[in-house]
Amino acid sequence: MERLPRLKTSDHYPFLLLHVGTNDTAKNDFEQITADYVALGRRIKEFEAQVVFSSILPVEGKGLGRDRPIVEVNVEVNIEGEMTYSEREPDENQTVSEVFILVGFSYLTRLQILLFLVFLVIYLVTLVGNLLIILLIKLNPSLHTPMYFFLLNLSFLEICYTSSVVPQLLAHLLVEQKTLSIAGCAAQMYIFTIMGLTECCLLAAMAYDRYIAICNPLHYRTIMSGQVCAQLVGASWTIGILVEVAQTTWIFSLPFCGSNRIHHFFCDIPPVIKRACTDTSKNQIVVLALSVLFIMSPFLLIILSYICIISTILKLPSVEGRRKAFSTCSSHLMVVTLFYGTALFTYLRPKSISTPEGDQLISLMYTVVTPVLNPIIYTLRNKERN
């Protein structure tokens with residue numbers, strides 16, 4: 001890079017074809033490699049030369065998956081206006097413009113319309129199913145019980161949760177310029193993270209409700225009063241808002257520089273932090289600590305509740321009694337498994353086994369699949385033990 005000003009590319013090298021080696025770096029560093037080649041290509045273009053990179057970056061995969069990184073490098077280098085630069089001295093860092101580019105599923109060029117239709121149908125089913133649950137609970141006085149009060153709030157959360165991601169994903173599947181302003185990215189992260197953490201806490205409150213219903217049924221009505229239920233829901237929202245507003249505000253106070261491409265279909269925490277041009281190791285430690293504290297703590301409460309629930313169920317004398325008791329919490333247990341299974345795997349797994357494509361597939365589970373399963377798993381036929 002330091003030698004580039006000596007190249008009079010417009011006079012001697014109007015077109016440069018640069019071959020990318022495949023054995024010079026580790027495979028799991030291809031995002032950094034991509035950013036480096038983009039920076040190199042843009043620096044060369046400052047001298048009014050055309051530059052194209054050849055070969056394949058050192059990543060695993062075949063076909064389109066293997067070709068995608070080098071294609072993205074060439075697209076980013078040769079599309080003007082995707083990144084602007086601040087007024088700076090030659091040695092200063094390049095700063096990201098006011099937009100991010102969400103790469104998402106852009107490498108699946110021929111499947112964009114099909115993906116749009118599939119996600120649109122799933123999103124509509126999610127909205128209709130959860131809205132029906134809310135309306136049925138509101139309009140049916142016999143369902144004005146603690147369990148359905150929590151279910152109503154869960155359905156509302158699922159609608160907000162998936163609506164913070166899917167509409168923007170659908171729009172990007174229909175356009176070539178998959179851009180999102182930094183302010184829009186921050187707003188999406190605020191909503192998504194608040195809803196996600198609130199749901200974690202709400203699922204713990206629902207587990208506590210099932211624990212009281214099965215392990216202490218004679219005092220269920222007294223313990224799970226309307227005031228207590230409202231306090232549990234209010235506490236879930238309070239924790240979600242306070243923690244995630246602080247964390248997201250902190251993330252977007254970081255300076256962003258280098259490539260403005262995010263290898264994801266929405267502004268999730270890990271890929272956004274990667275775009276920061278400062279040492280983010282402390283930020284990542286804080287994110288991990290918050291994940292362990294505010295995601296694992298509700299999860300541990302859920303596990304503890306179900307240990308007590310299962311122990312109580314196994315002590316029931318009749319098979320029918322055990323079946324009925326288990327039916328009151330089986331739906332909740334399925335939702336917990338889906339939601340926490342994907343969330344824990346996403347935020348707590350080692351970085352060494354993380355890939356952009358794998359991250360996106362896992363994210364689809366808790367942003368698209370789990371919300372649509374909520375109205376299917378939670379049917380109003382569930383019997384309460386109280």
# chains A, B, ... in the order shown; residues from 1 in each chain; ligands from 1
call {"tool": "select_by_dssp", "arguments": {"residues": "region 180-382 of chain A", "states": "strand (DSSP E)", "output": "VMD selection string"}}
result
chain A and resid 180 to 181 261 to 262
call {"tool": "residues_around", "arguments": {"residues": "Met206 (chain A)", "least_positions_apart": "5", "cutoff": "9 Å", "atoms": "only C-alpha atoms", "output": "count of residues only"}}
result
8
call {"tool": "residues_around", "arguments": {"residues": "Leu254 (chain A)", "least_positions_apart": "2", "cutoff": "10 Å", "atoms": "only C-alpha atoms", "output": "PyMOL selection string"}}
result
chain A and resi 249-252+256-257+273+275-280+283
call {"tool": "write_last_selection", "arguments": {"atoms": "C-alpha atoms", "output": "compact mmCIF listing (two decimals), in the first residue's frame"}}
result
# COMPACT_ATOMS: atom_id res chain seq x y z
CA THR A 249 -26.01 2.87 22.42
CA TRP A 250 -22.52 1.83 23.44
CA ILE A 251 -22.02 -0.22 20.25
CA PHE A 252 -23.02 2.67 17.99
CA PHE A 256 -16.77 2.49 12.04
CA CYS A 257 -14.21 2.36 9.25
CA ILE A 273 -19.03 -4.87 16.02
CA ARG A 275 -17.02 -3.09 11.39
CA ALA A 276 -15.61 -0.98 14.22
CA CYS A 277 -12.10 0.34 13.58
CA THR A 278 -11.00 0.25 17.21
CA ASP A 279 -10.01 -2.62 19.43
CA THR A 280 -13.35 -4.28 20.19
CA ASN A 283 -16.75 -4.74 23.78
call {"tool": "closest_residue", "arguments": {"among": "A:Thr312, A:Ser327, A:Thr370, A:Thr126", "to": "Tyr340 (chain A)", "atoms": "only C-alpha atoms"}}
result
A:Thr370
call {"tool": "closest_atom_pairs", "arguments": {"of": "region 255-280 of chain A", "to": "region 180-184 of chain A", "cutoff": "12 Å", "atoms": "only C-alpha atoms", "output": "tab-separated table"}}
result
residue	atom	partner	partner_atom	distance
A:Pro255	CA	A:Ile182	CA	11.3
A:Phe256	CA	A:Ile182	CA	9.8
A:Asn260	CA	A:Ile182	CA	10.0
A:Arg261	CA	A:Leu180	CA	10.3
A:Ile262	CA	A:Leu180	CA	10.2
A:His264	CA	A:Leu180	CA	12.0
A:Phe265	CA	A:Leu180	CA	10.6
A:Phe266	CA	A:Leu180	CA	9.2
A:Cys267	CA	A:Leu180	CA	9.1
A:Val272	CA	A:Ile182	CA	10.1
A:Arg275	CA	A:Ile182	CA	11.6
call {"tool": "write_last_selection", "arguments": {"atoms": "N, CA, C and O atoms", "output": "PDB file, in the first residue's frame"}}
result
ATOM      1  N   PRO A 255     -16.435   4.100  16.545  1.00  0.00           N
ATOM      2  CA  PRO A 255     -16.187   4.573  15.175  1.00  0.00           C
ATOM      3  C   PRO A 255     -16.142   3.386  14.211  1.00  0.00           C
ATOM      4  O   PRO A 255     -15.557   2.351  14.518  1.00  0.00           O
ATOM      5  N   PHE A 256     -16.776   3.537  13.056  1.00  0.00           N
ATOM      6  CA  PHE A 256     -16.771   2.488  12.041  1.00  0.00           C
ATOM      7  C   PHE A 256     -15.903   2.927  10.871  1.00  0.00           C
ATOM      8  O   PHE A 256     -15.997   4.064  10.412  1.00  0.00           O
ATOM      9  N   ASN A 260     -17.833  -1.164   4.575  1.00  0.00           N
ATOM     10  CA  ASN A 260     -19.151  -0.958   5.172  1.00  0.00           C
ATOM     11  C   ASN A 260     -20.100  -2.109   4.858  1.00  0.00           C
ATOM     12  O   ASN A 260     -21.305  -1.989   4.997  1.00  0.00           O
ATOM     13  N   ARG A 261     -19.546  -3.227   4.444  1.00  0.00           N
ATOM     14  CA  ARG A 261     -20.350  -4.404   4.134  1.00  0.00           C
ATOM     15  C   ARG A 261     -20.503  -5.282   5.380  1.00  0.00           C
ATOM     16  O   ARG A 261     -19.529  -5.645   6.028  1.00  0.00           O
ATOM     17  N   ILE A 262     -21.751  -5.605   5.699  1.00  0.00           N
ATOM     18  CA  ILE A 262     -22.062  -6.489   6.810  1.00  0.00           C
ATOM     19  C   ILE A 262     -22.528  -7.818   6.240  1.00  0.00           C
ATOM     20  O   ILE A 262     -23.505  -7.869   5.504  1.00  0.00           O
ATOM     21  N   HIS A 264     -24.440 -10.205   6.762  1.00  0.00           N
ATOM     22  CA  HIS A 264     -25.632 -10.682   7.448  1.00  0.00           C
ATOM     23  C   HIS A 264     -26.837 -10.063   6.764  1.00  0.00           C
ATOM     24  O   HIS A 264     -26.697  -9.134   5.955  1.00  0.00           O
ATOM     25  N   PHE A 265     -28.056 -10.552   7.105  1.00  0.00           N
ATOM     26  CA  PHE A 265     -29.251  -9.975   6.494  1.00  0.00           C
ATOM     27  C   PHE A 265     -29.928  -8.957   7.398  1.00  0.00           C
ATOM     28  O   PHE A 265     -30.931  -8.364   7.030  1.00  0.00           O
ATOM     29  N   PHE A 266     -29.388  -8.752   8.605  1.00  0.00           N
ATOM     30  CA  PHE A 266     -29.869  -7.667   9.459  1.00  0.00           C
ATOM     31  C   PHE A 266     -28.743  -7.246  10.387  1.00  0.00           C
ATOM     32  O   PHE A 266     -27.677  -7.870  10.428  1.00  0.00           O
ATOM     33  N   CYS A 267     -28.971  -6.171  11.125  1.00  0.00           N
ATOM     34  CA  CYS A 267     -27.916  -5.603  11.964  1.00  0.00           C
ATOM     35  C   CYS A 267     -27.872  -6.319  13.312  1.00  0.00           C
ATOM     36  O   CYS A 267     -28.381  -5.809  14.328  1.00  0.00           O
ATOM     37  N   VAL A 272     -21.922  -6.270  13.320  1.00  0.00           N
ATOM     38  CA  VAL A 272     -21.774  -4.814  13.399  1.00  0.00           C
ATOM     39  C   VAL A 272     -20.501  -4.457  14.154  1.00  0.00           C
ATOM     40  O   VAL A 272     -19.751  -3.550  13.755  1.00  0.00           O
ATOM     41  N   ARG A 275     -17.268  -4.242  12.254  1.00  0.00           N
ATOM     42  CA  ARG A 275     -17.024  -3.086  11.388  1.00  0.00           C
ATOM     43  C   ARG A 275     -16.390  -1.917  12.139  1.00  0.00           C
ATOM     44  O   ARG A 275     -16.077  -0.896  11.546  1.00  0.00           O
TER      45      ARG A 275
END
call {"tool": "residues_around", "arguments": {"residues": "Arg322 (chain A)", "least_positions_apart": "4", "cutoff": "12 Å", "atoms": "only C-alpha atoms", "output": "list in words"}}
result
Ile214, Ile309, Ile310, Ser311, Thr312, Ile313, Leu314, Lys315, Leu316, Pro317, Ser318, Phe326, Ser327, Thr328, Cys329, Ser330 and Arg385 of chain A
call {"tool": "write_last_selection", "arguments": {"atoms": "C-alpha atoms", "output": "short mmCIF file (atom, residue, chain, number, x, y, z; two decimals), in the first residue's frame"}}
result
data_model
loop_
_atom_site.label_atom_id
_atom_site.label_comp_id
_atom_site.auth_asym_id
_atom_site.auth_seq_id
_atom_site.Cartn_x
_atom_site.Cartn_y
_atom_site.Cartn_z
CA ILE A 214 -48.02 -27.97 38.94
CA ILE A 309 -41.93 -29.74 37.62
CA ILE A 310 -40.65 -33.07 36.30
CA SER A 311 -39.91 -34.27 39.82
CA THR A 312 -43.47 -33.46 40.87
CA ILE A 313 -45.01 -35.04 37.76
CA LEU A 314 -43.13 -38.29 38.28
CA LYS A 315 -44.55 -38.54 41.81
CA LEU A 316 -48.17 -38.44 40.58
CA PRO A 317 -49.85 -41.83 41.08
CA SER A 318 -51.86 -42.07 37.83
CA PHE A 326 -47.11 -32.51 31.38
CA SER A 327 -49.50 -31.21 28.68
CA THR A 328 -49.78 -27.89 30.51
CA CYS A 329 -46.09 -27.12 30.02
CA SER A 330 -45.05 -29.09 26.92
CA ARG A 385 -53.64 -27.47 35.97
#
call {"tool": "select_by_dssp", "arguments": {"residues": "region 237-290 of chain A", "states": "helix (DSSP H, G or I)", "output": "ChimeraX atom specification"}}
result
/A:237-251,269-273,281-290
call {"tool": "residues_around", "arguments": {"residues": "Ile239 (chain A)", "least_positions_apart": "6", "cutoff": "12 Å", "atoms": "only C-alpha atoms", "output": "JSON list (two decimals) with N, CA and C atoms, in the first residue's frame"}}
result
[["chain", "number", "residue", "atom", "x", "y", "z"],
["A", 193, "THR", "N", -32.97, -6.32, 19.80],
["A", 193, "THR", "CA", -32.36, -6.77, 21.05],
["A", 193, "THR", "C", -33.29, -6.59, 22.25],
["A", 194, "ILE", "N", -34.04, -5.50, 22.26],
["A", 194, "ILE", "CA", -35.00, -5.28, 23.36],
["A", 194, "ILE", "C", -36.04, -6.40, 23.37],
["A", 195, "MET", "N", -36.60, -6.69, 22.19],
["A", 195, "MET", "CA", -37.61, -7.74, 22.12],
["A", 195, "MET", "C", -37.01, -9.10, 22.47],
["A", 196, "GLY", "N", -35.79, -9.35, 22.03],
["A", 196, "GLY", "CA", -35.16, -10.63, 22.30],
["A", 196, "GLY", "C", -34.92, -10.87, 23.78],
["A", 197, "LEU", "N", -34.34, -9.88, 24.46],
["A", 197, "LEU", "CA", -34.06, -10.04, 25.89],
["A", 197, "LEU", "C", -35.36, -10.07, 26.70],
["A", 198, "THR", "N", -36.34, -9.25, 26.30],
["A", 198, "THR", "CA", -37.64, -9.27, 26.99],
["A", 198, "THR", "C", -38.28, -10.64, 26.88],
["A", 199, "GLU", "N", -38.15, -11.26, 25.70],
["A", 199, "GLU", "CA", -38.72, -12.60, 25.51],
["A", 199, "GLU", "C", -38.00, -13.61, 26.40],
["A", 200, "CYS", "N", -36.69, -13.48, 26.55],
["A", 200, "CYS", "CA", -35.96, -14.38, 27.45],
["A", 200, "CYS", "C", -36.54, -14.31, 28.85],
["A", 201, "CYS", "N", -36.75, -13.10, 29.33],
["A", 201, "CYS", "CA", -37.27, -12.92, 30.69],
["A", 201, "CYS", "C", -38.72, -13.39, 30.79],
["A", 202, "LEU", "N", -39.50, -13.14, 29.74],
["A", 202, "LEU", "CA", -40.91, -13.56, 29.76],
["A", 202, "LEU", "C", -41.03, -15.08, 29.77],
["A", 232, "LEU", "N", -44.46, -9.29, 36.77],
["A", 232, "LEU", "CA", -43.50, -10.14, 36.06],
["A", 232, "LEU", "C", -43.31, -9.68, 34.62],
["A", 233, "VAL", "N", -44.41, -9.35, 33.95],
["A", 233, "VAL", "CA", -44.31, -8.84, 32.58],
["A", 233, "VAL", "C", -43.62, -7.49, 32.56],
["A", 245, "VAL", "N", -30.86, -0.97, 25.56],
["A", 245, "VAL", "CA", -30.64, 0.43, 25.17],
["A", 245, "VAL", "C", -29.22, 0.84, 25.51],
["A", 246, "ALA", "N", -28.76, 0.46, 26.70],
["A", 246, "ALA", "CA", -27.39, 0.79, 27.10],
["A", 246, "ALA", "C", -26.37, 0.10, 26.19],
["A", 290, "LEU", "N", -22.85, -9.83, 29.21],
["A", 290, "LEU", "CA", -24.28, -9.53, 29.25],
["A", 290, "LEU", "C", -25.10, -10.72, 28.78],
["A", 293, "LEU", "N", -25.13, -13.21, 31.59],
["A", 293, "LEU", "CA", -25.90, -12.76, 32.75],
["A", 293, "LEU", "C", -27.40, -12.70, 32.47],
["A", 294, "PHE", "N", -27.76, -12.05, 31.35],
["A", 294, "PHE", "CA", -29.18, -11.78, 31.12],
["A", 294, "PHE", "C", -29.86, -12.77, 30.19],
["A", 295, "ILE", "N", -29.11, -13.64, 29.55],
["A", 295, "ILE", "CA", -29.72, -14.71, 28.77],
["A", 295, "ILE", "C", -29.64, -16.03, 29.53],
["A", 298, "PRO", "N", -32.10, -16.18, 33.04],
["A", 298, "PRO", "CA", -33.47, -16.68, 32.84],
["A", 298, "PRO", "C", -33.50, -18.15, 32.42]]
call {"tool": "closest_residue", "arguments": {"among": "A:Phe119, A:Tyr208, A:Phe345, A:Phe149", "to": "Leu301 (chain A)", "atoms": "only C-alpha atoms"}}
result
A:Tyr208
call {"tool": "residues_around", "arguments": {"residues": "Ser331 (chain A)", "least_positions_apart": "4", "cutoff": "10 Å", "atoms": "only C-alpha atoms", "output": "PyMOL selection string"}}
result
chain A and resi 326-327+335-336+374+376-379+382
call {"tool": "closest_residue", "arguments": {"among": "A:Leu157, A:Val166, A:Leu143, A:Leu304", "to": "Gly240 (chain A)", "atoms": "only C-alpha atoms"}}
result
A:Leu157
call {"tool": "closest_residue", "arguments": {"among": "A:Asp209, A:Tyr306, A:Phe299, A:Phe100", "to": "Thr222 (chain A)", "atoms": "only C-alpha atoms"}}
result
A:Asp209
call {"tool": "closest_residue", "arguments": {"among": "A:Ala325, A:Met296, A:Asn153, A:Leu132", "to": "Ile212 (chain A)", "atoms": "only C-alpha atoms"}}
result
A:Ala325
call {"tool": "atom_distance", "arguments": {"atom1": "CA of Ile122 (chain A)", "atom2": "CA of Met365 (chain A)"}}
result
11.9 Å
call {"tool": "atom_distance", "arguments": {"atom1": "CA of Leu127 (chain A)", "atom2": "CA of Leu111 (chain A)"}}
result
24.1 Å
call {"tool": "closest_residue", "arguments": {"among": "A:Tyr220, A:Thr109, A:Leu344, A:Ala204", "to": "Ile303 (chain A)", "atoms": "only C-alpha atoms"}}
result
A:Ala204
call {"tool": "decode", "arguments": {"residues": "region 271-309 of chain A", "atoms": "N, CA and C atoms", "output": "PDB file, in the first residue's frame"}}
result
ATOM      1  N   PRO A 271     -21.811  -9.048  13.791  1.00  0.00           N
ATOM      2  CA  PRO A 271     -21.285  -8.495  12.536  1.00  0.00           C
ATOM      3  C   PRO A 271     -21.105  -6.982  12.551  1.00  0.00           C
ATOM      4  N   VAL A 272     -21.922  -6.270  13.320  1.00  0.00           N
ATOM      5  CA  VAL A 272     -21.774  -4.814  13.399  1.00  0.00           C
ATOM      6  C   VAL A 272     -20.501  -4.457  14.154  1.00  0.00           C
ATOM      7  N   ILE A 273     -20.241  -5.149  15.250  1.00  0.00           N
ATOM      8  CA  ILE A 273     -19.025  -4.874  16.019  1.00  0.00           C
ATOM      9  C   ILE A 273     -17.780  -5.102  15.168  1.00  0.00           C
ATOM     10  N   LYS A 274     -17.836  -6.053  14.248  1.00  0.00           N
ATOM     11  CA  LYS A 274     -16.687  -6.331  13.379  1.00  0.00           C
ATOM     12  C   LYS A 274     -16.332  -5.148  12.489  1.00  0.00           C
ATOM     13  N   ARG A 275     -17.268  -4.242  12.254  1.00  0.00           N
ATOM     14  CA  ARG A 275     -17.024  -3.086  11.388  1.00  0.00           C
ATOM     15  C   ARG A 275     -16.390  -1.917  12.139  1.00  0.00           C
ATOM     16  N   ALA A 276     -16.251  -2.051  13.439  1.00  0.00           N
ATOM     17  CA  ALA A 276     -15.612  -0.984  14.219  1.00  0.00           C
ATOM     18  C   ALA A 276     -14.116  -0.972  13.941  1.00  0.00           C
ATOM     19  N   CYS A 277     -13.527   0.227  13.919  1.00  0.00           N
ATOM     20  CA  CYS A 277     -12.103   0.341  13.583  1.00  0.00           C
ATOM     21  C   CYS A 277     -11.244   0.549  14.828  1.00  0.00           C
ATOM     22  N   THR A 278     -11.785   0.214  15.980  1.00  0.00           N
ATOM     23  CA  THR A 278     -11.002   0.250  17.210  1.00  0.00           C
ATOM     24  C   THR A 278     -10.913  -1.171  17.769  1.00  0.00           C
ATOM     25  N   ASP A 279     -10.128  -1.329  18.787  1.00  0.00           N
ATOM     26  CA  ASP A 279     -10.011  -2.624  19.434  1.00  0.00           C
ATOM     27  C   ASP A 279     -11.332  -2.940  20.142  1.00  0.00           C
ATOM     28  N   THR A 280     -12.027  -3.945  19.646  1.00  0.00           N
ATOM     29  CA  THR A 280     -13.353  -4.276  20.191  1.00  0.00           C
ATOM     30  C   THR A 280     -13.309  -5.474  21.132  1.00  0.00           C
ATOM     31  N   SER A 281     -12.134  -5.870  21.526  1.00  0.00           N
ATOM     32  CA  SER A 281     -12.046  -7.045  22.396  1.00  0.00           C
ATOM     33  C   SER A 281     -12.801  -6.819  23.703  1.00  0.00           C
ATOM     34  N   LYS A 282     -12.686  -5.602  24.265  1.00  0.00           N
ATOM     35  CA  LYS A 282     -13.408  -5.305  25.500  1.00  0.00           C
ATOM     36  C   LYS A 282     -14.912  -5.305  25.266  1.00  0.00           C
ATOM     37  N   ASN A 283     -15.328  -4.753  24.105  1.00  0.00           N
ATOM     38  CA  ASN A 283     -16.755  -4.738  23.784  1.00  0.00           C
ATOM     39  C   ASN A 283     -17.295  -6.152  23.665  1.00  0.00           C
ATOM     40  N   GLN A 284     -16.517  -7.022  23.022  1.00  0.00           N
ATOM     41  CA  GLN A 284     -16.958  -8.400  22.854  1.00  0.00           C
ATOM     42  C   GLN A 284     -17.044  -9.123  24.188  1.00  0.00           C
ATOM     43  N   ILE A 285     -16.122  -8.791  25.095  1.00  0.00           N
ATOM     44  CA  ILE A 285     -16.178  -9.384  26.433  1.00  0.00           C
ATOM     45  C   ILE A 285     -17.434  -8.922  27.162  1.00  0.00           C
ATOM     46  N   VAL A 286     -17.755  -7.625  27.025  1.00  0.00           N
ATOM     47  CA  VAL A 286     -18.960  -7.089  27.668  1.00  0.00           C
ATOM     48  C   VAL A 286     -20.206  -7.737  27.088  1.00  0.00           C
ATOM     49  N   VAL A 287     -20.252  -7.862  25.740  1.00  0.00           N
ATOM     50  CA  VAL A 287     -21.402  -8.506  25.094  1.00  0.00           C
ATOM     51  C   VAL A 287     -21.553  -9.937  25.592  1.00  0.00           C
ATOM     52  N   LEU A 288     -20.433 -10.644  25.701  1.00  0.00           N
ATOM     53  CA  LEU A 288     -20.474 -12.016  26.202  1.00  0.00           C
ATOM     54  C   LEU A 288     -20.954 -12.052  27.649  1.00  0.00           C
ATOM     55  N   ALA A 289     -20.458 -11.107  28.458  1.00  0.00           N
ATOM     56  CA  ALA A 289     -20.854 -11.060  29.868  1.00  0.00           C
ATOM     57  C   ALA A 289     -22.354 -10.783  30.009  1.00  0.00           C
ATOM     58  N   LEU A 290     -22.853  -9.833  29.212  1.00  0.00           N
ATOM     59  CA  LEU A 290     -24.282  -9.528  29.248  1.00  0.00           C
ATOM     60  C   LEU A 290     -25.104 -10.715  28.781  1.00  0.00           C
ATOM     61  N   SER A 291     -24.592 -11.408  27.751  1.00  0.00           N
ATOM     62  CA  SER A 291     -25.305 -12.581  27.250  1.00  0.00           C
ATOM     63  C   SER A 291     -25.394 -13.650  28.324  1.00  0.00           C
ATOM     64  N   VAL A 292     -24.277 -13.886  29.008  1.00  0.00           N
ATOM     65  CA  VAL A 292     -24.259 -14.903  30.060  1.00  0.00           C
ATOM     66  C   VAL A 292     -25.184 -14.502  31.208  1.00  0.00           C
ATOM     67  N   LEU A 293     -25.134 -13.213  31.594  1.00  0.00           N
ATOM     68  CA  LEU A 293     -25.904 -12.757  32.750  1.00  0.00           C
ATOM     69  C   LEU A 293     -27.400 -12.699  32.470  1.00  0.00           C
ATOM     70  N   PHE A 294     -27.765 -12.051  31.355  1.00  0.00           N
ATOM     71  CA  PHE A 294     -29.184 -11.776  31.121  1.00  0.00           C
ATOM     72  C   PHE A 294     -29.862 -12.769  30.188  1.00  0.00           C
ATOM     73  N   ILE A 295     -29.109 -13.641  29.550  1.00  0.00           N
ATOM     74  CA  ILE A 295     -29.715 -14.711  28.765  1.00  0.00           C
ATOM     75  C   ILE A 295     -29.640 -16.026  29.529  1.00  0.00           C
ATOM     76  N   MET A 296     -28.471 -16.290  30.130  1.00  0.00           N
ATOM     77  CA  MET A 296     -28.303 -17.538  30.855  1.00  0.00           C
ATOM     78  C   MET A 296     -29.061 -17.547  32.183  1.00  0.00           C
ATOM     79  N   SER A 297     -29.170 -16.397  32.846  1.00  0.00           N
ATOM     80  CA  SER A 297     -29.876 -16.364  34.137  1.00  0.00           C
ATOM     81  C   SER A 297     -31.340 -16.775  33.990  1.00  0.00           C
ATOM     82  N   PRO A 298     -32.103 -16.183  33.041  1.00  0.00           N
ATOM     83  CA  PRO A 298     -33.470 -16.683  32.836  1.00  0.00           C
ATOM     84  C   PRO A 298     -33.501 -18.147  32.422  1.00  0.00           C
ATOM     85  N   PHE A 299     -32.514 -18.542  31.620  1.00  0.00           N
ATOM     86  CA  PHE A 299     -32.461 -19.929  31.165  1.00  0.00           C
ATOM     87  C   PHE A 299     -32.249 -20.881  32.346  1.00  0.00           C
ATOM     88  N   LEU A 300     -31.384 -20.499  33.268  1.00  0.00           N
ATOM     89  CA  LEU A 300     -31.152 -21.332  34.449  1.00  0.00           C
ATOM     90  C   LEU A 300     -32.398 -21.396  35.329  1.00  0.00           C
ATOM     91  N   LEU A 301     -33.123 -20.295  35.429  1.00  0.00           N
ATOM     92  CA  LEU A 301     -34.384 -20.306  36.180  1.00  0.00           C
ATOM     93  C   LEU A 301     -35.394 -21.245  35.533  1.00  0.00           C
ATOM     94  N   ILE A 302     -35.409 -21.249  34.191  1.00  0.00           N
ATOM     95  CA  ILE A 302     -36.312 -22.159  33.467  1.00  0.00           C
ATOM     96  C   ILE A 302     -35.933 -23.613  33.745  1.00  0.00           C
ATOM     97  N   ILE A 303     -34.637 -23.902  33.676  1.00  0.00           N
ATOM     98  CA  ILE A 303     -34.175 -25.269  33.937  1.00  0.00           C
ATOM     99  C   ILE A 303     -34.533 -25.700  35.359  1.00  0.00           C
ATOM    100  N   LEU A 304     -34.294 -24.803  36.330  1.00  0.00           N
ATOM    101  CA  LEU A 304     -34.610 -25.115  37.727  1.00  0.00           C
ATOM    102  C   LEU A 304     -36.107 -25.377  37.895  1.00  0.00           C
ATOM    103  N   SER A 305     -36.929 -24.558  37.240  1.00  0.00           N
ATOM    104  CA  SER A 305     -38.385 -24.744  37.323  1.00  0.00           C
ATOM    105  C   SER A 305     -38.793 -26.096  36.777  1.00  0.00           C
ATOM    106  N   TYR A 306     -38.204 -26.480  35.657  1.00  0.00           N
ATOM    107  CA  TYR A 306     -38.600 -27.744  35.036  1.00  0.00           C
ATOM    108  C   TYR A 306     -38.040 -28.955  35.777  1.00  0.00           C
ATOM    109  N   ILE A 307     -36.957 -28.793  36.470  1.00  0.00           N
ATOM    110  CA  ILE A 307     -36.475 -29.882  37.323  1.00  0.00           C
ATOM    111  C   ILE A 307     -37.509 -30.168  38.422  1.00  0.00           C
ATOM    112  N   CYS A 308     -38.012 -29.106  39.022  1.00  0.00           N
ATOM    113  CA  CYS A 308     -39.034 -29.267  40.061  1.00  0.00           C
ATOM    114  C   CYS A 308     -40.337 -29.798  39.472  1.00  0.00           C
ATOM    115  N   ILE A 309     -40.691 -29.299  38.271  1.00  0.00           N
ATOM    116  CA  ILE A 309     -41.931 -29.739  37.624  1.00  0.00           C
ATOM    117  C   ILE A 309     -41.878 -31.225  37.296  1.00  0.00           C
TER     118      ILE A 309
END
